[in-house]
Amino acid sequence: MKENLDIYQEERPWGLFRRFTNNQISTIKIIKVLPNEELSLQSHKEREEFWRVIKGDGIFEIGSKKYIVEEGSEQFVPVLTKHKMKSGMDGMEVLEISLGEFDENDIIRYEDKYGRV
């Protein structure tokens, strides 16, 4: 699942921490998807992504697979892989860590309910 994302976990007396990137170029976003909404089916030429649901639930579509996700679910999206996310009835918030050259214009859309293809 984690491909180039080297997730490191270390336990401490007070609990633990997870480090998602270490000395890498990355872009970190929190994506808020309104209830029953979805992002376009898309891919990227220059970046891969790691997604972690921090609130809510929904479906992640990555390549030919669909994953039912909830708070704490994690998935990795390799470069050039078609992907999208769709929220459930209460919406969804997703932590996205992008690795590689980040550019919002590096989106190849295949399907989009908002007419942006």
# chains A, B, ... in the order shown; residues from 1 in each chain; ligands from 1

call {"tool": "residues_around", "arguments": {"residues": "region 48-54 of chain A", "least_positions_apart": "3", "cutoff": "9 Å", "atoms": "only C-alpha atoms", "output": "JSON, numbers by chain"}}
result
{"A": [1, 2, 4, 5, 30, 44, 45, 57, 69, 70, 71, 72, 73, 74, 75, 76, 77, 78, 79, 80, 81, 92, 93, 94, 95, 96, 97, 98, 99, 100]}

call {"tool": "residues_around", "arguments": {"residues": "Ser64 (chain A)", "least_positions_apart": "4", "cutoff": "12 Å", "atoms": "only C-alpha atoms", "output": "VMD selection string"}}
result
chain A and resid 41 60 77 81 to 84

call {"tool": "closest_residue", "arguments": {"among": "A:Gln42, A:Trp14, A:Lys32, A:Tyr8", "to": "Arg116 (chain A)", "atoms": "only C-alpha atoms"}}
result
A:Gln42

call {"tool": "closest_residue", "arguments": {"among": "A:Lys29, A:Arg47, A:Arg12, A:Lys55", "to": "Ile107 (chain A)", "atoms": "only C-alpha atoms"}}
result
A:Arg47

call {"tool": "atom_distance", "arguments": {"atom1": "CA of Glu101 (chain A)", "atom2": "CA of Thr27 (chain A)"}}
result
8.8 Å

call {"tool": "closest_residue", "arguments": {"among": "A:Glu11, A:Glu46, A:Asp6, A:Glu37", "to": "Asn105 (chain A)", "atoms": "only C-alpha atoms"}}
result
A:Glu46

call {"tool": "closest_residue", "arguments": {"among": "A:Met85, A:Val117, A:Leu39, A:Ile25", "to": "Lys65 (chain A)", "atoms": "only C-alpha atoms"}}
result
A:Met85

call {"tool": "decode", "arguments": {"residues": "region 71-98 of chain A", "atoms": "N, CA and C atoms", "output": "CSV table (one decimal), in the first residue's frame"}}
result
chain,number,residue,atom,x,y,z
A,71,GLU,N,-13.3,6.4,9.0
A,71,GLU,CA,-12.2,7.1,9.8
A,71,GLU,C,-11.1,6.1,10.1
A,72,GLY,N,-9.9,6.5,9.7
A,72,GLY,CA,-8.7,5.7,10.0
A,72,GLY,C,-8.3,4.9,8.7
A,73,SER,N,-9.2,4.7,7.7
A,73,SER,CA,-8.8,4.0,6.5
A,73,SER,C,-7.7,4.7,5.8
A,74,GLU,N,-6.8,3.9,5.2
A,74,GLU,CA,-5.6,4.5,4.4
A,74,GLU,C,-5.5,3.7,3.1
A,75,GLN,N,-5.2,4.5,2.0
A,75,GLN,CA,-4.9,3.9,0.7
A,75,GLN,C,-3.8,4.7,0.0
A,76,PHE,N,-3.1,4.1,-0.9
A,76,PHE,CA,-2.1,4.7,-1.7
A,76,PHE,C,-2.5,4.7,-3.1
A,77,VAL,N,-2.2,5.8,-3.8
A,77,VAL,CA,-2.6,6.0,-5.2
A,77,VAL,C,-1.3,6.2,-6.0
A,78,PRO,N,-0.8,5.2,-6.8
A,78,PRO,CA,0.4,5.3,-7.6
A,78,PRO,C,0.2,6.4,-8.7
A,79,VAL,N,1.3,6.8,-9.2
A,79,VAL,CA,1.4,7.7,-10.4
A,79,VAL,C,0.6,7.1,-11.5
A,80,LEU,N,-0.1,7.9,-12.3
A,80,LEU,CA,-0.9,7.5,-13.5
A,80,LEU,C,-2.0,6.5,-13.2
A,81,THR,N,-2.4,6.3,-12.0
A,81,THR,CA,-3.5,5.4,-11.7
A,81,THR,C,-4.8,6.2,-11.5
A,82,LYS,N,-5.9,5.8,-12.2
A,82,LYS,CA,-7.2,6.5,-12.1
A,82,LYS,C,-7.7,6.3,-10.7
A,83,HIS,N,-8.3,7.4,-10.2
A,83,HIS,CA,-8.8,7.4,-8.8
A,83,HIS,C,-9.8,8.4,-8.6
A,84,LYS,N,-10.6,8.2,-7.6
A,84,LYS,CA,-11.6,9.2,-7.1
A,84,LYS,C,-12.1,8.8,-5.7
A,85,MET,N,-12.7,9.8,-5.1
A,85,MET,CA,-13.3,9.5,-3.8
A,85,MET,C,-14.7,10.1,-3.8
A,86,LYS,N,-15.5,9.4,-3.0
A,86,LYS,CA,-16.9,9.8,-2.9
A,86,LYS,C,-17.3,9.7,-1.4
A,87,SER,N,-18.0,10.7,-0.9
A,87,SER,CA,-18.3,10.7,0.5
A,87,SER,C,-19.7,10.0,0.7
A,88,GLY,N,-19.9,9.7,2.0
A,88,GLY,CA,-21.2,9.1,2.4
A,88,GLY,C,-22.1,10.2,2.8
A,89,MET,N,-23.1,9.8,3.6
A,89,MET,CA,-24.2,10.7,4.0
A,89,MET,C,-23.8,11.9,4.8
A,90,ASP,N,-22.7,11.7,5.6
A,90,ASP,CA,-22.3,12.8,6.5
A,90,ASP,C,-21.1,13.5,6.0
A,91,GLY,N,-20.7,13.3,4.7
A,91,GLY,CA,-19.5,13.9,4.2
A,91,GLY,C,-18.2,13.2,4.7
A,92,MET,N,-17.1,13.7,4.3
A,92,MET,CA,-15.8,13.0,4.6
A,92,MET,C,-14.7,14.1,4.5
A,93,GLU,N,-13.7,13.9,5.4
A,93,GLU,CA,-12.5,14.7,5.4
A,93,GLU,C,-11.3,13.7,5.2
A,94,VAL,N,-10.4,14.0,4.3
A,94,VAL,CA,-9.3,13.1,4.0
A,94,VAL,C,-8.0,13.9,4.0
A,95,LEU,N,-7.0,13.4,4.7
A,95,LEU,CA,-5.7,13.8,4.7
A,95,LEU,C,-5.0,13.3,3.4
A,96,GLU,N,-4.5,14.2,2.6
A,96,GLU,CA,-3.8,13.8,1.3
A,96,GLU,C,-2.4,14.2,1.4
A,97,ILE,N,-1.5,13.2,1.3
A,97,ILE,CA,0.0,13.6,1.2
A,97,ILE,C,0.4,13.2,-0.3
A,98,SER,N,0.8,14.2,-1.0
A,98,SER,CA,1.2,14.0,-2.4
A,98,SER,C,2.8,14.0,-2.4
